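Visitor: Pasting start-v8.txt here (compact mmCIF, C-alpha atoms):
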```
# COMPACT_ATOMS: atom_id res chain seq x y z
CA MET A 1 0.00 0.00 0.00
CA SER A 2 1.40 3.42 -0.89
CA GLU A 3 0.85 6.40 1.35
CA ASP A 4 -1.49 7.89 -1.21
CA ASP A 5 -3.77 4.92 -0.86
CA ALA A 6 -3.91 5.22 2.90
CA ASP A 7 -6.91 7.54 2.97
CA THR A 8 -8.87 5.73 0.32
CA ARG A 9 -9.15 2.32 1.94
CA PRO A 10 -11.65 1.41 4.61
CA VAL A 11 -10.26 0.43 8.01
CA LEU A 12 -11.67 -2.49 9.99
CA TYR A 13 -11.23 -2.12 13.75
CA GLY A 14 -11.18 -5.20 15.95
CA ARG A 15 -9.42 -8.52 16.23
CA HIS A 16 -10.38 -11.63 14.27
CA ALA A 17 -10.66 -13.36 17.63
CA SER A 18 -14.05 -11.60 17.84
CA PRO A 19 -16.53 -13.54 15.68
CA PHE A 20 -18.37 -10.28 14.99
CA VAL A 21 -15.18 -8.82 13.52
CA ARG A 22 -14.33 -12.01 11.67
CA ARG A 23 -17.68 -12.26 9.86
CA VAL A 24 -17.16 -8.72 8.59
CA ALA A 25 -13.53 -9.43 7.60
CA VAL A 26 -14.53 -12.58 5.70
CA THR A 27 -17.28 -10.66 3.90
CA LEU A 28 -14.95 -7.81 2.93
CA ARG A 29 -12.57 -10.37 1.41
CA LEU A 30 -15.31 -12.23 -0.43
CA TYR A 31 -16.51 -8.93 -1.90
CA GLY A 32 -12.95 -8.13 -2.97
CA ILE A 33 -12.85 -4.90 -0.95
CA GLU A 34 -9.31 -3.96 0.08
CA TYR A 35 -9.06 -2.63 3.60
CA ASP A 36 -6.65 -1.96 6.41
CA HIS A 37 -6.94 -3.78 9.70
CA ALA A 38 -6.57 -2.16 13.12
CA PRO A 39 -6.81 -5.07 15.57
CA LEU A 40 -7.95 -3.10 18.60
CA MET A 41 -9.45 -4.92 21.57
CA PRO A 42 -12.61 -3.74 23.33
CA PHE A 43 -10.70 -4.08 26.63
CA GLY A 44 -7.72 -2.50 28.31
CA PRO A 45 -5.94 0.49 26.79
CA ASP A 46 -7.47 -0.03 23.33
CA LYS A 47 -10.90 0.65 24.76
CA ALA A 48 -10.31 4.40 25.05
CA GLU A 49 -9.15 4.53 21.44
CA LEU A 50 -12.28 2.72 20.31
CA ALA A 51 -14.48 4.95 22.45
CA ALA A 52 -13.15 7.99 20.57
CA PHE A 53 -15.27 7.01 17.58
CA ASN A 54 -17.69 4.42 18.94
CA PRO A 55 -19.68 5.64 21.93
CA ILE A 56 -20.11 2.13 23.31
CA ALA A 57 -16.51 1.11 22.50
CA ARG A 58 -17.33 -2.15 20.79
CA VAL A 59 -15.85 -3.98 17.83
CA PRO A 60 -16.16 -4.23 14.93
CA ALA A 61 -16.14 -0.72 13.58
CA LEU A 62 -15.50 0.11 9.93
CA ARG A 63 -14.17 3.49 8.85
CA LEU A 64 -15.25 4.07 5.27
CA ALA A 65 -12.89 5.66 2.77
CA ASP A 66 -14.49 9.09 3.26
CA GLY A 67 -14.11 8.90 7.04
CA GLU A 68 -17.67 7.91 7.92
CA MET A 69 -17.61 5.44 10.80
CA LEU A 70 -19.93 2.45 10.99
CA VAL A 71 -20.34 0.37 14.13
CA ASP A 72 -22.07 -2.97 14.73
CA SER A 73 -21.46 -5.96 12.47
CA ALA A 74 -25.07 -6.07 11.24
CA VAL A 75 -24.97 -2.41 10.20
CA ILE A 76 -21.60 -2.86 8.50
CA LEU A 77 -22.78 -5.96 6.62
CA ASP A 78 -25.98 -4.20 5.55
CA HIS A 79 -23.82 -1.49 3.99
CA LEU A 80 -21.37 -3.91 2.35
CA ASP A 81 -24.29 -5.87 0.91
CA GLN A 82 -25.69 -2.72 -0.66
CA VAL A 83 -22.31 -1.90 -2.18
CA ALA A 84 -22.04 -5.47 -3.50
CA GLY A 85 -25.38 -5.16 -5.26
CA ALA A 86 -26.20 -8.27 -7.27
CA ARG A 87 -23.25 -10.09 -5.66
CA SER A 88 -24.67 -9.58 -2.17
CA LEU A 89 -24.33 -12.59 0.13
CA THR A 90 -27.62 -11.54 1.72
CA PRO A 91 -30.57 -11.66 -0.69
CA ALA A 92 -31.98 -8.18 -1.25
CA ALA A 93 -35.66 -8.97 -0.63
CA GLY A 94 -38.43 -11.44 -0.05
CA ALA A 95 -38.54 -14.92 1.44
CA ALA A 96 -34.87 -15.60 0.64
CA ARG A 97 -33.82 -12.51 2.59
CA ARG A 98 -36.06 -13.38 5.53
CA ARG A 99 -34.57 -16.87 5.60
CA VAL A 100 -30.95 -15.74 5.65
CA LEU A 101 -31.60 -13.02 8.25
CA THR A 102 -33.47 -15.50 10.45
CA LEU A 103 -30.63 -18.03 10.35
CA VAL A 104 -28.17 -15.26 11.20
CA ALA A 105 -30.42 -14.03 14.04
CA ILE A 106 -30.52 -17.46 15.66
CA ALA A 107 -26.74 -17.72 15.36
CA LEU A 108 -26.37 -14.26 16.93
CA GLY A 109 -28.69 -15.25 19.76
CA ALA A 110 -26.87 -18.50 20.49
CA ASN A 111 -23.52 -16.75 20.32
CA GLU A 112 -24.69 -14.03 22.69
CA LYS A 113 -25.37 -16.60 25.38
CA LEU A 114 -22.10 -18.38 24.66
CA VAL A 115 -20.26 -15.10 25.22
CA ALA A 116 -22.29 -14.39 28.37
CA GLY A 117 -21.09 -17.69 29.79
CA LEU A 118 -17.47 -17.04 28.78
CA TYR A 119 -17.57 -13.58 30.38
CA GLU A 120 -18.99 -15.03 33.59
CA ARG A 121 -16.26 -17.65 33.86
CA HIS A 122 -13.39 -15.33 32.99
CA PHE A 123 -14.37 -12.01 34.57
CA ARG A 124 -15.74 -13.15 37.91
CA PRO A 125 -14.31 -14.93 40.89
CA ARG A 126 -15.52 -18.53 41.08
CA GLU A 127 -17.76 -17.77 44.06
CA ALA A 128 -19.72 -15.23 41.99
CA TRP A 129 -20.58 -17.70 39.23
CA HIS A 130 -24.30 -18.36 39.14
CA ALA A 131 -25.03 -21.91 38.04
CA PRO A 132 -28.70 -21.41 37.03
CA TRP A 133 -27.68 -18.61 34.69
CA LEU A 134 -24.80 -20.59 33.20
CA ASP A 135 -27.14 -23.53 32.67
CA ALA A 136 -29.74 -21.33 30.99
CA CYS A 137 -27.05 -19.88 28.71
CA ASP A 138 -25.79 -23.36 27.81
CA LYS A 139 -29.31 -24.48 26.99
CA GLN A 140 -29.80 -21.56 24.60
CA VAL A 141 -26.45 -22.28 22.92
CA ARG A 142 -27.37 -25.96 22.56
CA ASP A 143 -30.89 -25.21 21.30
CA GLY A 144 -29.73 -22.55 18.87
CA PHE A 145 -26.94 -24.53 17.23
CA GLY A 146 -29.01 -27.73 17.36
CA TRP A 147 -31.79 -26.01 15.41
CA LEU A 148 -29.32 -24.58 12.91
CA ASP A 149 -27.85 -28.04 12.34
CA GLY A 150 -31.25 -29.16 11.02
CA GLN A 151 -31.76 -26.25 8.62
CA PHE A 152 -29.63 -27.15 5.61
CA ALA A 153 -31.51 -27.17 2.30
CA GLY A 154 -28.55 -28.46 0.29
CA PRO A 155 -24.79 -28.10 0.52
CA TRP A 156 -25.47 -24.65 1.99
CA PHE A 157 -28.18 -23.45 4.34
CA THR A 158 -30.46 -22.12 1.63
CA GLY A 159 -29.55 -24.63 -1.08
CA ARG A 160 -26.95 -24.43 -3.81
CA GLU A 161 -25.53 -20.96 -3.07
CA MET A 162 -23.42 -19.82 -0.17
CA THR A 163 -24.97 -16.91 1.76
CA GLN A 164 -24.16 -14.78 4.78
CA ALA A 165 -25.95 -17.41 6.87
CA ASP A 166 -23.22 -19.95 6.07
CA ILE A 167 -20.46 -17.45 6.84
CA THR A 168 -21.89 -16.19 10.12
CA VAL A 169 -22.87 -19.61 11.44
CA ALA A 170 -19.47 -21.08 10.53
CA VAL A 171 -17.61 -18.19 12.17
CA PHE A 172 -19.64 -18.51 15.37
CA TRP A 173 -19.31 -22.28 15.38
CA LEU A 174 -15.52 -22.07 15.00
CA PHE A 175 -15.40 -19.43 17.76
CA GLY A 176 -17.40 -21.59 20.16
CA ARG A 177 -15.49 -24.74 19.31
CA GLY A 178 -12.25 -22.90 19.99
CA LYS A 179 -13.39 -21.57 23.34
CA ARG A 180 -15.24 -24.65 24.65
CA PRO A 181 -14.04 -27.67 22.64
CA LYS A 182 -15.66 -30.35 24.81
CA PHE A 183 -19.04 -28.65 25.02
CA PHE A 184 -19.19 -28.07 21.29
CA ALA A 185 -18.00 -31.59 20.47
CA GLY A 186 -20.85 -32.85 22.62
CA LEU A 187 -23.54 -30.96 20.69
CA GLY A 188 -23.52 -33.55 17.90
CA CYS A 189 -23.94 -30.89 15.20
CA ASN A 190 -22.21 -32.80 12.41
CA ARG A 191 -23.49 -30.63 9.59
CA LEU A 192 -22.37 -27.42 11.28
CA GLN A 193 -19.00 -29.02 11.91
CA ALA A 194 -18.70 -30.01 8.24
CA LEU A 195 -19.73 -26.52 7.09
CA ALA A 196 -17.17 -24.91 9.37
CA GLU A 197 -14.38 -27.26 8.23
CA LYS A 198 -15.21 -26.57 4.58
CA LEU A 199 -15.18 -22.79 5.02
CA GLN A 200 -12.17 -22.77 7.35
CA GLY A 201 -10.12 -24.06 4.42
CA THR A 202 -11.01 -21.17 2.12
CA PRO A 203 -8.72 -18.16 1.56
CA ALA A 204 -11.10 -15.68 3.24
CA PHE A 205 -11.24 -17.78 6.40
CA GLN A 206 -7.51 -18.60 6.35
CA ALA A 207 -6.70 -14.88 6.07
CA THR A 208 -8.84 -14.11 9.13
CA LEU A 209 -7.76 -16.74 11.61
CA PRO A 210 -8.13 -15.64 15.24
CA GLU A 211 -5.00 -14.11 16.70
CA GLN A 212 -3.00 -16.37 18.99
CA GLU A 213 -3.83 -15.28 22.50
CA THR A 214 -5.54 -16.93 25.36
CA LEU A 215 -9.07 -15.93 26.24
CA ALA A 216 -7.81 -14.59 29.54
CA SER A 217 -5.55 -12.07 27.86
CA GLU A 218 -8.22 -11.13 25.34
CA LEU A 219 -10.76 -10.39 27.98
CA GLY A 220 -8.37 -9.00 30.55
CA MET B 221 -62.49 -9.56 13.95
CA SER B 222 -64.54 -12.37 12.43
CA GLU B 223 -63.38 -15.96 12.60
CA ASP B 224 -62.67 -15.88 8.90
CA ASP B 225 -60.13 -13.14 9.44
CA ALA B 226 -58.29 -15.09 12.09
CA ASP B 227 -55.94 -16.87 9.72
CA THR B 228 -55.20 -13.82 7.61
CA ARG B 229 -53.77 -11.56 10.28
CA PRO B 230 -50.22 -11.72 11.54
CA VAL B 231 -49.70 -12.60 15.21
CA LEU B 232 -47.16 -10.76 17.36
CA TYR B 233 -45.81 -12.87 20.23
CA GLY B 234 -44.45 -11.20 23.32
CA ARG B 235 -45.43 -8.62 25.88
CA HIS B 236 -45.13 -4.86 25.40
CA ALA B 237 -43.07 -4.86 28.58
CA SER B 238 -40.23 -6.07 26.33
CA PRO B 239 -38.86 -3.08 24.43
CA PHE B 240 -37.98 -5.38 21.54
CA VAL B 241 -41.63 -6.39 21.27
CA ARG B 242 -42.84 -2.86 21.74
CA ARG B 243 -40.75 -1.37 18.92
CA VAL B 244 -42.25 -3.97 16.58
CA ALA B 245 -45.78 -3.34 17.88
CA VAL B 246 -45.43 0.43 17.42
CA THR B 247 -44.11 -0.09 13.89
CA LEU B 248 -46.97 -2.44 12.96
CA ARG B 249 -49.44 0.22 14.09
CA LEU B 250 -47.67 3.05 12.29
CA TYR B 251 -47.74 0.97 9.11
CA GLY B 252 -51.45 0.33 9.60
CA ILE B 253 -51.01 -3.46 9.70
CA GLU B 254 -53.71 -5.20 11.70
CA TYR B 255 -52.44 -8.03 13.86
CA ASP B 256 -53.32 -10.20 16.80
CA HIS B 257 -51.27 -10.08 19.97
CA ALA B 258 -50.17 -13.14 21.97
CA PRO B 259 -48.45 -11.67 25.04
CA LEU B 260 -46.25 -14.65 25.86
CA MET B 261 -43.35 -14.24 28.24
CA PRO B 262 -39.89 -15.69 27.54
CA PHE B 263 -39.98 -17.14 31.06
CA GLY B 264 -41.99 -19.67 33.01
CA PRO B 265 -44.63 -21.82 31.33
CA ASP B 266 -44.85 -19.58 28.24
CA LYS B 267 -41.24 -20.42 27.37
CA ALA B 268 -42.09 -23.91 26.14
CA GLU B 269 -44.83 -22.50 23.92
CA LEU B 270 -42.39 -20.02 22.44
CA ALA B 271 -39.75 -22.70 21.98
CA ALA B 272 -42.16 -24.65 19.79
CA PHE B 273 -41.59 -22.14 17.00
CA ASN B 274 -38.52 -20.20 18.09
CA PRO B 275 -35.52 -22.40 18.84
CA ILE B 276 -34.07 -19.92 21.29
CA ALA B 277 -37.46 -19.09 22.85
CA ARG B 278 -37.17 -15.33 22.65
CA VAL B 279 -39.62 -12.56 21.97
CA PRO B 280 -40.69 -10.95 19.76
CA ALA B 281 -41.79 -13.43 17.14
CA LEU B 282 -44.15 -12.56 14.31
CA ARG B 283 -46.25 -15.18 12.57
CA LEU B 284 -47.08 -13.92 9.12
CA ALA B 285 -50.53 -14.43 7.63
CA ASP B 286 -49.33 -17.48 5.66
CA GLY B 287 -47.86 -19.12 8.77
CA GLU B 288 -44.21 -18.21 8.20
CA MET B 289 -42.58 -17.37 11.53
CA LEU B 290 -40.09 -14.55 11.95
CA VAL B 291 -38.00 -14.11 15.07
CA ASP B 292 -35.79 -11.24 16.25
CA SER B 293 -37.01 -7.65 16.20
CA ALA B 294 -34.43 -6.53 13.63
CA VAL B 295 -35.45 -9.30 11.21
CA ILE B 296 -39.13 -8.53 11.72
CA LEU B 297 -38.62 -4.80 11.17
CA ASP B 298 -36.54 -5.46 8.05
CA HIS B 299 -39.51 -7.39 6.65
CA LEU B 300 -42.11 -4.81 7.69
CA ASP B 301 -40.00 -2.06 6.14
CA GLN B 302 -39.90 -3.93 2.85
CA VAL B 303 -43.68 -4.37 2.93
CA ALA B 304 -44.10 -0.66 3.69
CA GLY B 305 -42.04 0.29 0.65
CA ALA B 306 -41.88 4.04 0.19
CA ARG B 307 -43.48 4.55 3.62
CA SER B 308 -40.66 2.68 5.35
CA LEU B 309 -39.50 4.21 8.63
CA THR B 310 -35.99 2.96 7.78
CA PRO B 311 -34.55 4.53 4.63
CA ALA B 312 -34.00 1.90 1.95
CA ALA B 313 -30.43 2.78 1.04
CA GLY B 314 -27.43 5.03 1.30
CA ALA B 315 -26.20 7.40 3.97
CA ALA B 316 -29.69 7.93 5.40
CA ARG B 317 -30.06 4.17 5.95
CA ARG B 318 -26.61 3.87 7.52
CA ARG B 319 -27.44 6.74 9.86
CA VAL B 320 -30.73 5.26 11.09
CA LEU B 321 -29.26 1.77 11.50
CA THR B 322 -26.28 3.15 13.41
CA LEU B 323 -28.50 5.08 15.83
CA VAL B 324 -30.58 1.94 16.35
CA ALA B 325 -27.44 -0.16 16.87
CA ILE B 326 -26.16 2.13 19.62
CA ALA B 327 -29.57 2.02 21.29
CA LEU B 328 -29.59 -1.79 21.07
CA GLY B 329 -26.09 -1.94 22.55
CA ALA B 330 -26.92 0.36 25.45
CA ASN B 331 -30.16 -1.51 26.09
CA GLU B 332 -28.35 -4.85 26.07
CA LYS B 333 -26.17 -3.73 28.94
CA LEU B 334 -29.14 -2.24 30.77
CA VAL B 335 -30.89 -5.61 30.55
CA ALA B 336 -27.74 -7.44 31.65
CA GLY B 337 -27.69 -5.33 34.79
CA LEU B 338 -31.40 -5.89 35.45
CA TYR B 339 -30.99 -9.66 35.02
CA GLU B 340 -28.07 -9.70 37.44
CA ARG B 341 -29.99 -7.85 40.13
CA HIS B 342 -33.20 -9.85 39.76
CA PHE B 343 -32.02 -13.36 38.96
CA ARG B 344 -29.10 -13.72 41.35
CA PRO B 345 -28.71 -13.69 45.10
CA ARG B 346 -27.12 -10.47 46.30
CA GLU B 347 -23.85 -12.21 47.15
CA ALA B 348 -23.44 -13.27 43.51
CA TRP B 349 -23.68 -9.74 42.16
CA HIS B 350 -20.39 -8.65 40.62
CA ALA B 351 -19.83 -4.94 41.09
CA PRO B 352 -17.16 -4.45 38.36
CA TRP B 353 -19.51 -5.97 35.80
CA LEU B 354 -22.48 -3.90 36.95
CA ASP B 355 -20.33 -0.77 36.80
CA ALA B 356 -19.12 -1.63 33.29
CA CYS B 357 -22.72 -2.18 32.18
CA ASP B 358 -23.82 1.13 33.69
CA LYS B 359 -20.99 2.94 31.93
CA GLN B 360 -22.06 1.54 28.57
CA VAL B 361 -25.68 2.52 29.22
CA ARG B 362 -24.60 6.03 30.19
CA ASP B 363 -22.21 6.40 27.24
CA GLY B 364 -24.70 5.03 24.74
CA PHE B 365 -27.67 7.17 25.74
CA GLY B 366 -25.41 10.18 26.32
CA TRP B 367 -24.11 9.92 22.77
CA LEU B 368 -27.62 9.49 21.39
CA ASP B 369 -28.76 12.62 23.24
CA GLY B 370 -26.28 14.64 21.17
CA GLN B 371 -27.32 13.24 17.78
CA PHE B 372 -30.48 15.15 16.94
CA ALA B 373 -30.39 16.93 13.58
CA GLY B 374 -33.77 18.62 14.04
CA PRO B 375 -37.00 17.73 15.82
CA TRP B 376 -36.13 14.11 15.02
CA PHE B 377 -32.81 12.31 14.96
CA THR B 378 -32.26 12.66 11.24
CA GLY B 379 -34.01 16.00 10.78
CA ARG B 380 -37.60 16.76 9.87
CA GLU B 381 -38.92 13.21 9.49
CA MET B 382 -39.53 10.60 12.16
CA THR B 383 -37.64 7.35 11.53
CA GLN B 384 -37.19 3.99 13.21
CA ALA B 385 -34.29 5.54 15.14
CA ASP B 386 -36.74 7.81 16.98
CA ILE B 387 -39.10 4.94 17.73
CA THR B 388 -36.47 2.49 18.94
CA VAL B 389 -34.56 5.00 21.05
CA ALA B 390 -37.78 6.29 22.64
CA VAL B 391 -38.98 2.76 23.41
CA PHE B 392 -35.66 1.82 25.02
CA TRP B 393 -35.48 5.10 26.92
CA LEU B 394 -38.99 4.62 28.31
CA PHE B 395 -38.12 1.03 29.24
CA GLY B 396 -34.98 2.05 31.09
CA ARG B 397 -36.67 4.98 32.80
CA GLY B 398 -39.40 2.66 34.01
CA LYS B 399 -36.98 0.09 35.37
CA ARG B 400 -34.37 2.42 36.88
CA PRO B 401 -35.97 5.85 37.33
CA LYS B 402 -33.23 7.42 39.43
CA PHE B 403 -30.38 6.23 37.22
CA PHE B 404 -32.08 7.47 34.07
CA ALA B 405 -33.08 10.80 35.63
CA GLY B 406 -29.40 11.26 36.49
CA LEU B 407 -28.22 10.82 32.91
CA GLY B 408 -29.22 14.37 32.00
CA CYS B 409 -30.47 13.33 28.56
CA ASN B 410 -33.04 16.06 28.14
CA ARG B 411 -33.53 15.63 24.43
CA LEU B 412 -34.11 11.89 24.76
CA GLN B 413 -36.56 12.57 27.55
CA ALA B 414 -38.43 15.11 25.39
CA LEU B 415 -38.49 12.69 22.43
CA ALA B 416 -39.85 9.92 24.62
CA GLU B 417 -42.54 12.14 26.15
CA LYS B 418 -43.64 13.32 22.72
CA LEU B 419 -43.90 9.81 21.31
CA GLN B 420 -45.44 8.34 24.47
CA GLY B 421 -48.46 10.59 23.85
CA THR B 422 -49.11 9.20 20.36
CA PRO B 423 -51.76 6.54 19.64
CA ALA B 424 -49.19 3.88 18.63
CA PHE B 425 -47.32 4.28 21.91
CA GLN B 426 -50.49 4.56 24.01
CA ALA B 427 -51.79 1.32 22.47
CA THR B 428 -48.58 -0.49 23.40
CA LEU B 429 -48.01 0.53 27.00
CA PRO B 430 -46.10 -2.06 29.03
CA GLU B 431 -48.35 -4.46 30.92
CA GLN B 432 -48.72 -3.77 34.61
CA GLU B 433 -46.44 -6.22 36.36
CA THR B 434 -43.36 -5.88 38.42
CA LEU B 435 -40.02 -6.75 36.96
CA ALA B 436 -39.72 -9.60 39.44
CA SER B 437 -42.82 -11.31 38.11
CA GLU B 438 -41.83 -10.65 34.51
CA LEU B 439 -38.45 -12.20 34.93
CA GLY B 440 -39.51 -14.89 37.36
```
As structure tokens, please, write out the structure in this file.

Guide:
Amino acid sequence: MSEDDADTRPVLYGRHASPFVRRVAVTLRLYGIEYDHAPLMPFGPDKAELAAFNPIARVPALRLADGEMLVDSAVILDHLDQVAGARSLTPAAGAARRRVLTLVAIALGANEKLVAGLYERHFRPREAWHAPWLDACDKQVRDGFGWLDGQFAGPWFTGREMTQADITVAVFWLFGRGKRPKFFAGLGCNRLQALAEKLQGTPAFQATLPEQETLASELG
Amino acid sequence: MSEDDADTRPVLYGRHASPFVRRVAVTLRLYGIEYDHAPLMPFGPDKAELAAFNPIARVPALRLADGEMLVDSAVILDHLDQVAGARSLTPAAGAARRRVLTLVAIALGANEKLVAGLYERHFRPREAWHAPWLDACDKQVRDGFGWLDGQFAGPWFTGREMTQADITVAVFWLFGRGKRPKFFAGLGCNRLQALAEKLQGTPAFQATLPEQETLASELG
């Protein structure tokens, strides 16, 4: 990249270790959009830097070439899909769009409870863990991914074409499997596992592998 | 409503006490879409009924007239906006769309941490409360709503026209104010308060007032 290009490329903020960041990074690559990557963490000293342009200091954020800042992976993907036009990984309208957005929503919901459980175990002293809450979170993770495992209409979720549903579910599945290998192995979601393995081998996924740190250091 | 109409109207599942349900209910009314309301709770005995059609047993869910089930308020609103066409409360494309979706995303993020704090205080014994987490949640609530309070471009967030940003932010503000009156009064968000008061007086908001129960019974 030359210096002249520096202001004309979007910048993705956040580490690939965040599945919300990774699904955006994969999508940028699949759309062929060149971007710079600022792997800030939503914790520790990076948090103040993030807060300067995102009021709730979360990742991902995407600075567009003209300086406009987008936050929230769903908002960023909505924009990228519009730019992609006919090549959008999310159908533009109708039943196909509702289907993809619903699959993504269930994956987001299951992942939210996975993260809630990870936060509890890593941010709190053992005596402040609350078993009923952890159990309820685990049930929602199990139910969400279990349902998704039964939703394939072909090689991909909606049939013969890969969509954002495949990307998001695979990213979240790989994230969960990395964080809680035994729990995820026990879910018996063979189709999700096969989807994730297939996508993990592709260039867009290989270029966005999670950074090598322990969860403790990520969250600390 | 005659019996013949029963199968041709959508059904909204969930109580208005949930701000996610309420923002959908308000939008349905503003679009002039007649619907039936099944005020199920995502807790207690209702949860199994919800789980029969929503794998992660959350509200809102919207059953369309043909039986198709949508879950997640963002997915439901995306569909309703497409049906509304030119009358959509969310701009269809471009900078105006990004702006509305970003405002909504910050409101969703702030509300998520508000709810996390409410859950902690109501679902756990006092000795399992974790002060650093509650403080971090409160900071995100404060930062999120504080930022939103500075974003008005006219009488409404984006200028002269009401959008989904106004509806969602007002619904979440009213929810928070109802649950934690002192905390919200202390935020000093006078423009959000004025927006919420203005919208609360409208027919769509008056028809979707939260049901009269305590938080404890809602969450229990």

Visitor: If we count all atoms listed in the file, what is near Arg319 of chain B at a cut-off of 10 Å, once residues fewer than 6 positions away on the same chain are taken out, given as a PyMOL selection string?

Guide: (chain A and resi 69-70+75) or (chain B and resi 310-311+325+377-378+385)

Visitor: Please list as an NGL selection string every residue within 12 Å of Asn190 of chain A, counting only C-alpha atoms and excluding residues in the same chain fewer than 2 positions away.

Guide: :A and (145-146 or 148-150 or 152 or 173 or 184-188 or 192-197)

Visitor: A:Val115, A:Ala86, A:Ala131, A:Met162: which is nearest Pro19 of chain A, counting only C-alpha atoms?

Guide: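 Smallest distance to Pro19 of chain A is found for A:Val115.
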
Visitor: Could you list, as a list in words, the residues of chain A having an atom within 8 Å of chain B when counting only C-alpha atoms?

Guide: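 Output check: Pro55, Ile56, Leu70, Val71, Asp72, Val75, His79, Gln82, Ala93, Gly94, Arg98, Leu101, Thr102, Ala105, Ile106, Gly109, Ala110, Arg124, Glu127, Ala128, Trp129, His130, Gln140, Asp143, Gly144 and Trp147 of chain A.
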
Visitor: For C-alpha atoms, I'd like the residues from the last selection saved as a PDB file, in the coordinates of the input.

Guide:
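File selection-v2.pdb, as written:
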```pdb
ATOM      1  CA  PRO A  55     -19.680   5.640  21.930  1.00  0.00           C
ATOM      2  CA  ILE A  56     -20.110   2.130  23.310  1.00  0.00           C
ATOM      3  CA  LEU A  70     -19.930   2.450  10.990  1.00  0.00           C
ATOM      4  CA  VAL A  71     -20.340   0.370  14.130  1.00  0.00           C
ATOM      5  CA  ASP A  72     -22.070  -2.970  14.730  1.00  0.00           C
ATOM      6  CA  VAL A  75     -24.970  -2.410  10.200  1.00  0.00           C
ATOM      7  CA  HIS A  79     -23.820  -1.490   3.990  1.00  0.00           C
ATOM      8  CA  GLN A  82     -25.690  -2.720  -0.660  1.00  0.00           C
ATOM      9  CA  ALA A  93     -35.660  -8.970  -0.630  1.00  0.00           C
ATOM     10  CA  GLY A  94     -38.430 -11.440  -0.050  1.00  0.00           C
ATOM     11  CA  ARG A  98     -36.060 -13.380   5.530  1.00  0.00           C
ATOM     12  CA  LEU A 101     -31.600 -13.020   8.250  1.00  0.00           C
ATOM     13  CA  THR A 102     -33.470 -15.500  10.450  1.00  0.00           C
ATOM     14  CA  ALA A 105     -30.420 -14.030  14.040  1.00  0.00           C
ATOM     15  CA  ILE A 106     -30.520 -17.460  15.660  1.00  0.00           C
ATOM     16  CA  GLY A 109     -28.690 -15.250  19.760  1.00  0.00           C
ATOM     17  CA  ALA A 110     -26.870 -18.500  20.490  1.00  0.00           C
ATOM     18  CA  ARG A 124     -15.740 -13.150  37.910  1.00  0.00           C
ATOM     19  CA  GLU A 127     -17.760 -17.770  44.060  1.00  0.00           C
ATOM     20  CA  ALA A 128     -19.720 -15.230  41.990  1.00  0.00           C
ATOM     21  CA  TRP A 129     -20.580 -17.700  39.230  1.00  0.00           C
ATOM     22  CA  HIS A 130     -24.300 -18.360  39.140  1.00  0.00           C
ATOM     23  CA  GLN A 140     -29.800 -21.560  24.600  1.00  0.00           C
ATOM     24  CA  ASP A 143     -30.890 -25.210  21.300  1.00  0.00           C
ATOM     25  CA  GLY A 144     -29.730 -22.550  18.870  1.00  0.00           C
ATOM     26  CA  TRP A 147     -31.790 -26.010  15.410  1.00  0.00           C
TER      27      TRP A 147
END
```

Visitor: Need the shell around Gln420 of chain B: protein/DNA/RNA residues with any atom at most 9 Å away, counting only C-alpha atoms. Skip same-chain ones fewer than 3 positions apart. Format as a ChimeraX atom specification?

Guide: /B:390-391,394,415-417,423-426,429

Visitor: To one decimal place, how far is atom CA of Cys137 of chain A from atom CA of Thr168 of chain A in Å?

Guide: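 Straight-line distance from atom CA of Cys137 of chain A to atom CA of Thr168 of chain A works out to 19.6 Å.
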
Visitor: Find the distance between atom CA of Arg249 of chain B and atom CA of Arg397 of chain B and write it in Å to one decimal.

Guide: 23.1 Å

Visitor: Suppose you want the space between atom CA of Asp286 of chain B and atom CA of Gly85 of chain A; what is it in Å?

Guide: 29.1 Å

Visitor: List the neighbours of Ala84 of chain A out to 10 Å using all atoms listed in the file; skip same-chain residues closer than 4 positions along the sequence, and give me the result as JSON, numbers by chain.

Guide: {"A": [28, 31, 32, 33, 78, 79, 80, 88, 89, 90]}

Visitor: Which is closer to Gly374 of chain B than all the others in B:Arg411, B:Gln432, B:Gly264, B:Tyr255, using only C-alpha atoms?

Guide: B:Arg411

Visitor: Considering all atoms listed in the file, can you say which of A:Gly178, A:Gln151, A:Ile167, A:Ala65 comes closest to Leu114 of chain A?

Guide: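 Ranked by minimum distance to Leu114 of chain A, first place goes to A:Gly178.
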
Visitor: If the box runs along x, y and z of the file and leaves 3 Å on each side of segment 378-392 of chain B, what are its centre and edge lengths in Å, one decimal, as lines of an AutoDock Vina configuration file?

Guide:
```
center_x = -35.9
center_y = 9.3
center_z = 17.3
size_x = 13.3
size_y = 20.9
size_z = 21.5
```
